[in-house]
$ cat target28.txt   # compact mmCIF, C-alpha atoms
# COMPACT_ATOMS: atom_id res chain seq x y z
CA MET A 1 98.88 117.91 101.66
CA LEU A 2 100.44 114.47 101.52
CA GLU A 3 99.88 114.11 97.77
CA LYS A 4 102.32 116.97 97.17
CA LYS A 5 104.75 116.18 100.01
CA LEU A 6 105.09 112.42 99.45
CA PRO A 7 107.84 112.63 96.76
CA GLU A 8 109.94 114.83 99.10
CA ILE A 9 109.31 112.51 102.06
CA LEU A 10 110.35 109.51 99.95
CA ARG A 11 113.56 111.25 98.83
CA ALA A 12 114.55 111.85 102.48
CA PHE A 13 113.63 108.25 103.33
CA ARG A 14 115.75 106.91 100.43
CA ASP A 15 118.74 108.81 101.85
CA TRP A 16 118.29 106.91 105.15
CA VAL A 17 117.69 103.59 103.37
CA GLY A 18 120.68 103.69 101.02
CA ASP A 19 120.88 100.44 99.03
CA THR A 20 118.63 98.44 101.37
CA PRO A 21 115.28 97.34 99.85
CA PHE A 22 112.40 99.37 101.26
CA LEU A 23 108.63 99.28 101.50
CA LEU A 24 106.09 102.08 101.53
CA MET A 25 103.31 100.82 103.77
CA PHE A 26 100.08 102.42 104.91
CA GLN A 27 98.61 101.33 108.27
CA ASP A 28 95.24 101.61 109.97
CA GLU A 29 92.94 99.93 112.48
CA ALA A 30 89.25 99.07 112.24
CA ARG A 31 86.69 98.07 114.84
CA PHE A 32 84.57 95.00 114.24
CA GLY A 33 81.72 94.45 116.67
CA LEU A 34 78.70 92.33 117.39
CA ILE A 35 76.34 95.11 116.32
CA SER A 36 75.08 93.74 113.04
CA GLU A 37 74.82 95.95 109.97
CA THR A 38 71.70 95.46 107.88
CA ARG A 39 71.88 96.25 104.16
CA TYR A 40 69.65 95.78 101.17
CA CYS A 41 69.85 92.35 99.61
CA TRP A 42 68.33 90.57 96.65
CA CYS A 43 65.39 88.24 97.11
CA PRO A 44 62.91 86.78 94.58
CA MET A 45 59.42 88.32 94.47
CA PRO A 46 57.17 88.17 96.52
CA ILE A 47 59.42 86.88 99.30
CA ARG A 48 60.56 89.48 101.78
CA PRO A 49 64.11 88.94 103.12
CA VAL A 50 64.53 88.55 106.84
CA CYS A 51 67.76 89.65 108.44
CA ARG A 52 68.52 89.04 112.07
CA VAL A 53 69.90 91.91 114.12
CA ARG A 54 72.09 91.93 117.20
CA VAL A 55 73.05 94.86 119.38
CA SER A 56 76.05 94.38 121.65
CA GLN A 57 78.92 96.52 122.83
CA GLU A 58 81.50 93.74 122.41
CA ASN A 59 84.10 94.38 119.71
CA THR A 60 87.59 93.60 118.53
CA TYR A 61 90.08 95.44 116.33
CA ALA A 62 91.87 94.56 113.12
CA TYR A 63 95.27 96.17 112.59
CA GLY A 64 96.36 96.22 108.97
CA ALA A 65 99.26 97.49 106.90
CA VAL A 66 99.72 97.18 103.15
CA ASP A 67 102.76 97.48 100.90
CA ILE A 68 101.54 99.76 98.14
CA LEU A 69 103.68 98.36 95.31
CA SER A 70 103.14 94.64 95.84
CA GLY A 71 99.72 94.76 97.51
CA GLN A 72 100.99 92.50 100.31
CA PHE A 73 98.64 92.96 103.26
CA GLU A 74 99.72 92.28 106.85
CA SER A 75 97.14 92.03 109.62
CA LEU A 76 96.58 91.22 113.27
CA VAL A 77 93.43 90.94 115.37
CA LEU A 78 93.90 92.56 118.77
CA PRO A 79 91.50 93.37 121.62
CA ARG A 80 92.01 97.15 121.84
CA CYS A 81 93.28 100.26 120.13
CA ASP A 82 96.02 101.49 122.42
CA THR A 83 99.77 101.94 122.57
CA GLY A 84 100.42 98.37 123.75
CA CYS A 85 98.53 96.79 120.84
CA MET A 86 100.09 99.27 118.41
CA GLN A 87 103.52 98.20 119.67
CA ILE A 88 102.64 94.54 119.03
CA SER A 89 101.48 95.42 115.50
CA LEU A 90 104.60 97.42 114.58
CA ASP A 91 106.92 94.77 116.05
CA GLU A 92 105.16 92.03 114.09
CA ILE A 93 105.36 93.91 110.78
CA SER A 94 109.00 94.77 111.46
CA SER A 95 109.86 91.11 112.11
CA ARG A 96 108.02 89.95 108.96
CA HIS A 97 110.16 92.37 106.92
CA ALA A 98 113.41 92.22 108.89
CA GLU A 99 115.59 92.54 105.78
CA GLU A 100 113.84 95.67 104.51
CA LYS A 101 113.39 99.26 105.64
CA ILE A 102 109.80 100.39 106.05
CA LEU A 103 108.22 103.83 105.73
CA MET A 104 104.93 103.41 107.60
CA VAL A 105 102.28 106.02 106.85
CA MET A 106 99.49 106.28 109.42
CA ASP A 107 96.97 108.67 110.88
CA CYS A 108 97.55 110.84 113.97
CA ALA A 109 95.74 108.65 116.53
CA GLY A 110 97.01 109.18 120.06
CA TRP A 111 98.43 105.66 120.35
CA HIS A 112 100.41 106.22 117.11
CA ARG A 113 102.17 109.26 118.57
CA SER A 114 102.59 108.01 122.13
CA LYS A 115 105.97 108.75 123.70
CA SER A 116 106.07 105.18 125.04
CA LEU A 117 105.74 103.68 121.52
CA GLU A 118 109.11 102.26 120.45
CA VAL A 119 109.46 102.35 116.67
CA PRO A 120 111.42 99.31 115.38
CA SER A 121 114.90 100.06 114.06
CA ASN A 122 114.01 99.17 110.44
CA MET A 123 110.97 101.47 110.39
CA ARG A 124 110.22 105.19 110.15
CA LEU A 125 106.78 106.67 110.76
CA CYS A 126 105.10 109.29 108.61
CA PHE A 127 101.82 110.84 109.76
CA LEU A 128 98.88 111.81 107.62
CA PRO A 129 97.41 115.28 108.13
CA PRO A 130 94.78 115.33 110.89
CA TYR A 131 91.21 114.41 109.93
CA SER A 132 92.12 113.05 106.50
CA PRO A 133 91.11 109.36 106.34
CA GLU A 134 90.54 109.78 102.60
CA LEU A 135 94.34 109.80 102.15
CA ASN A 136 94.76 106.34 103.66
CA PRO A 137 94.17 103.48 101.20
CA VAL A 138 93.75 100.96 104.06
CA GLU A 139 90.41 102.64 104.82
CA HIS A 140 89.22 101.26 101.48
CA ILE A 141 90.32 97.76 102.45
CA TRP A 142 88.18 98.01 105.59
CA ASP A 143 85.23 99.27 103.51
CA GLU A 144 85.63 96.36 101.10
CA LEU A 145 85.88 93.84 103.93
CA LYS A 146 82.84 95.16 105.80
CA GLU A 147 80.76 95.49 102.64
CA LYS A 148 81.50 92.04 101.26
CA SER A 149 81.91 89.92 104.41
CA PHE A 150 80.11 91.40 107.39
CA HIS A 151 76.73 92.80 106.33
CA ASN A 152 73.50 90.94 107.20
CA ARG A 153 75.41 88.62 109.55
CA VAL A 154 74.86 87.91 113.20
CA PHE A 155 77.64 86.22 115.15
CA SER A 156 76.84 84.08 118.16
CA SER A 157 79.85 85.34 120.12
CA LEU A 158 82.91 87.54 119.89
CA ASP A 159 84.99 84.40 119.25
CA ALA A 160 82.82 83.56 116.22
CA LEU A 161 83.24 87.10 114.90
CA GLU A 162 87.03 86.93 115.40
CA ASP A 163 87.22 83.56 113.64
CA HIS A 164 85.36 84.99 110.65
CA LEU A 165 87.49 88.15 110.70
CA VAL A 166 90.72 86.12 110.76
CA ASP A 167 89.51 84.02 107.81
CA GLU A 168 88.67 87.13 105.78
CA LEU A 169 91.94 88.86 106.65
CA ARG A 170 93.84 85.72 105.65
CA GLN A 171 92.03 85.79 102.28
CA LEU A 172 93.32 89.34 101.76
CA GLU A 173 96.84 88.41 102.86
CA ASN A 174 96.88 85.51 100.39
CA ASN A 175 95.60 87.60 97.45
CA PRO A 176 97.86 90.63 97.05
CA GLU A 177 96.47 91.35 93.59
CA ILE A 178 93.11 92.15 95.19
CA THR A 179 94.57 94.49 97.80
CA ARG A 180 96.83 96.09 95.20
CA SER A 181 93.79 96.88 93.05
CA ILE A 182 92.32 98.71 96.06
CA VAL A 183 95.41 100.57 97.32
CA ALA A 184 97.62 101.31 94.29
CA TRP A 185 96.46 104.90 93.93
CA PRO A 186 98.10 106.75 91.03
CA TRP A 187 99.51 109.62 93.13
CA ILE A 188 101.21 107.16 95.51
CA ILE A 189 102.62 104.99 92.69
CA SER A 190 103.81 108.12 90.87
CA ALA A 191 105.66 109.33 93.98
CA LEU A 192 107.30 105.90 94.38
CA MET A 193 108.47 105.80 90.77
CA ASN A 194 110.16 109.21 90.89
$ encode --input "target28.txt" --output "structure tokens"
Amino acid sequence: MLEKKLPEILRAFRDWVGDTPFLLMFQDEARFGLISETRYCWCPMPIRPVCRVRVSQENTYAYGAVDILSGQFESLVLPRCDTGCMQISLDEISSRHAEEKILMVMDCAGWHRSKSLEVPSNMRLCFLPPYSPELNPVEHIWDELKEKSFHNRVFSSLDALEDHLVDELRQLENNPEITRSIVAWPWIISALMN
């Protein structure tokens, strides 16, 4: 289990890093589509709330990675979940943190383990155990985003959805204290401090 192995993984990573500053980042992707999600909402009596619904197969994907210690969130909106888009995401994060070494923790999706994926030179990948999304704090960022910003909304087009998604992701990127409150899990912080 990652909770027990993380201190050992970090020790090996620190040997590779040496004196260079490093980041422990967790990464994940989430699908955002034009299928609206209806949830309960408050409304004064005796008015009954009306929520529009839309069913469409159009969607887009948010790629996100968060530095656990600082809460700094990095994100991109890309059209698919595949090796090509994953490469764009890793290259972008690597360039944003060119002076640091990065240990990127992610799930075992096929495009994460693809032989054609070229890991940037300042980054090492660490994979979560299969079927364990509960170990990835970025999943909680997606839950927070969907719960607070996407329920009971209908978007006129995929472009409108992407514009809203970019605005919400930018809010998270500009407020690291919010993301840190979501992702700074005690077992991860404890492993970093040892």
$ atom_distance --input "target28.txt" --atom1 "CA of Val105 (chain A)" --atom2 "CA of His164 (chain A)"
27.3 Å
$ closest_residue --input "target28.txt" --among "A:Ile47, A:Val183, A:Ala98, A:Val66" --to "Glu134 (chain A)" --atoms "all atoms listed in the file"
A:Val183
$ closest_residue --input "target28.txt" --among "A:Ile88, A:Cys108, A:Cys126, A:Ile141" --to "Pro176 (chain A)" --atoms "only C-alpha atoms"
A:Ile141
$ closest_residue --input "target28.txt" --among "A:Cys81, A:Leu6, A:Glu177, A:Glu147" --to "Leu192 (chain A)" --atoms "all atoms listed in the file"
A:Leu6
$ residues_around --input "target28.txt" --residues "Ala109 (chain A)" --least-positions-apart "4" --cutoff "9 Å" --atoms "all atoms listed in the file" --output "PyMOL selection string"
chain A and resi 113-114+130
$ write_last_selection --input "target28.txt" --atoms "C-alpha atoms" --output "PDB file, in the frame of the given file"
ATOM      1  CA  ARG A 113     102.170 109.260 118.570  1.00  0.00           C
ATOM      2  CA  SER A 114     102.590 108.010 122.130  1.00  0.00           C
ATOM      3  CA  PRO A 130      94.780 115.330 110.890  1.00  0.00           C
TER       4      PRO A 130
END
$ atom_distance --input "target28.txt" --atom1 "CA of Gln27 (chain A)" --atom2 "CA of Ser190 (chain A)"
19.4 Å
$ closest_residue --input "target28.txt" --among "A:Arg80, A:Trp185, A:Lys101, A:Pro49" --to "Asp19 (chain A)" --atoms "all atoms listed in the file"
A:Lys101
$ closest_residue --input "target28.txt" --among "A:Asp28, A:Asp15, A:Asp67, A:Glu173" --to "Asn136 (chain A)" --atoms "all atoms listed in the file"
A:Asp28
$ atom_distance --input "target28.txt" --atom1 "CA of Glu168 (chain A)" --atom2 "CA of Ala184 (chain A)"
20.3 Å
$ closest_residue --input "target28.txt" --among "A:Leu2, A:Ala62, A:Val17, A:Met86" --to "Asp163 (chain A)" --atoms "all atoms listed in the file"
A:Ala62
$ residues_around --input "target28.txt" --residues "Phe13 (chain A)" --least-positions-apart "6" --cutoff "12 Å" --atoms "only C-alpha atoms" --output "list in words"
Leu6, Pro7, Asp19, Thr20, Pro21, Phe22, Leu23, Leu24, Lys101, Ile102, Leu103, Met104, Asn122, Met123, Arg124, Leu125, Cys126 and Leu192 of chain A
$ decode --input "target28.txt" --residues "region 93-176 of chain A" --atoms "C-alpha atoms" --output "short mmCIF file (atom, residue, chain, number, x, y, z; two decimals), in the first residue's frame"
data_model
loop_
_atom_site.label_atom_id
_atom_site.label_comp_id
_atom_site.auth_asym_id
_atom_site.auth_seq_id
_atom_site.Cartn_x
_atom_site.Cartn_y
_atom_site.Cartn_z
CA ILE A 93 4.33 20.77 -15.84
CA SER A 94 8.02 20.04 -16.38
CA SER A 95 8.56 23.41 -18.08
CA ARG A 96 6.67 25.28 -15.33
CA HIS A 97 9.03 23.73 -12.76
CA ALA A 98 12.23 23.56 -14.80
CA GLU A 99 14.47 24.32 -11.81
CA GLU A 100 13.00 21.56 -9.63
CA LYS A 101 12.84 17.78 -9.67
CA ILE A 102 9.35 16.30 -9.60
CA LEU A 103 8.08 12.99 -8.26
CA MET A 104 4.74 12.59 -10.06
CA VAL A 105 2.32 10.12 -8.50
CA MET A 106 -0.46 8.91 -10.78
CA ASP A 107 -2.79 6.01 -11.41
CA CYS A 108 -2.06 3.10 -13.76
CA ALA A 109 -4.07 4.30 -16.78
CA GLY A 110 -2.81 2.88 -20.05
CA TRP A 111 -1.69 6.26 -21.39
CA HIS A 112 0.36 6.82 -18.20
CA ARG A 113 2.36 3.63 -18.78
CA SER A 114 2.64 3.83 -22.56
CA LYS A 115 6.05 2.93 -23.98
CA SER A 116 5.82 5.96 -26.29
CA LEU A 117 5.42 8.38 -23.34
CA GLU A 118 8.67 10.30 -22.83
CA VAL A 119 9.06 11.33 -19.21
CA PRO A 120 10.77 14.76 -18.91
CA SER A 121 14.32 14.70 -17.55
CA ASN A 122 13.40 16.52 -14.31
CA MET A 123 10.56 14.11 -13.49
CA ARG A 124 10.13 10.57 -12.17
CA LEU A 125 6.82 8.71 -12.21
CA CYS A 126 5.39 6.71 -9.34
CA PHE A 127 2.25 4.64 -9.88
CA LEU A 128 -0.58 4.11 -7.45
CA PRO A 129 -1.76 0.53 -6.89
CA PRO A 130 -4.41 -0.52 -9.43
CA TYR A 131 -8.03 0.36 -8.65
CA SER A 132 -7.20 2.72 -5.79
CA PRO A 133 -8.51 6.21 -6.66
CA GLU A 134 -9.01 6.84 -2.94
CA LEU A 135 -5.21 7.25 -2.63
CA ASN A 136 -5.10 10.15 -5.09
CA PRO A 137 -5.90 13.54 -3.53
CA VAL A 138 -6.56 15.09 -6.97
CA GLU A 139 -9.76 13.00 -7.11
CA HIS A 140 -11.02 15.20 -4.26
CA ILE A 141 -10.23 18.34 -6.24
CA TRP A 142 -12.38 17.03 -9.10
CA ASP A 143 -15.19 16.20 -6.64
CA GLU A 144 -15.01 19.70 -5.18
CA LEU A 145 -15.00 21.31 -8.62
CA LYS A 146 -17.94 19.28 -9.92
CA GLU A 147 -19.95 19.71 -6.73
CA LYS A 148 -19.49 23.46 -6.43
CA SER A 149 -19.30 24.61 -10.07
CA PHE A 150 -21.00 22.19 -12.43
CA HIS A 151 -24.23 20.90 -10.90
CA ASN A 152 -27.62 22.18 -12.15
CA ARG A 153 -25.94 23.86 -15.13
CA VAL A 154 -26.59 23.43 -18.81
CA PHE A 155 -23.98 24.70 -21.25
CA SER A 156 -25.00 25.81 -24.73
CA SER A 157 -21.91 24.27 -26.34
CA LEU A 158 -18.68 22.48 -25.61
CA ASP A 159 -16.86 25.82 -25.97
CA ALA A 160 -19.06 27.33 -23.23
CA LEU A 161 -18.33 24.37 -20.96
CA GLU A 162 -14.58 24.68 -21.63
CA ASP A 163 -14.65 28.42 -20.91
CA HIS A 164 -16.35 27.77 -17.57
CA LEU A 165 -13.96 24.91 -16.79
CA VAL A 166 -10.91 27.07 -17.54
CA ASP A 167 -12.26 29.84 -15.27
CA GLU A 168 -12.82 27.39 -12.41
CA LEU A 169 -9.41 25.74 -12.86
CA ARG A 170 -7.78 29.18 -12.88
CA GLN A 171 -9.54 29.94 -9.56
CA LEU A 172 -7.95 26.81 -8.09
CA GLU A 173 -4.53 27.65 -9.54
CA ASN A 174 -4.71 31.14 -8.01
CA ASN A 175 -5.78 29.88 -4.55
CA PRO A 176 -3.26 27.28 -3.38
#
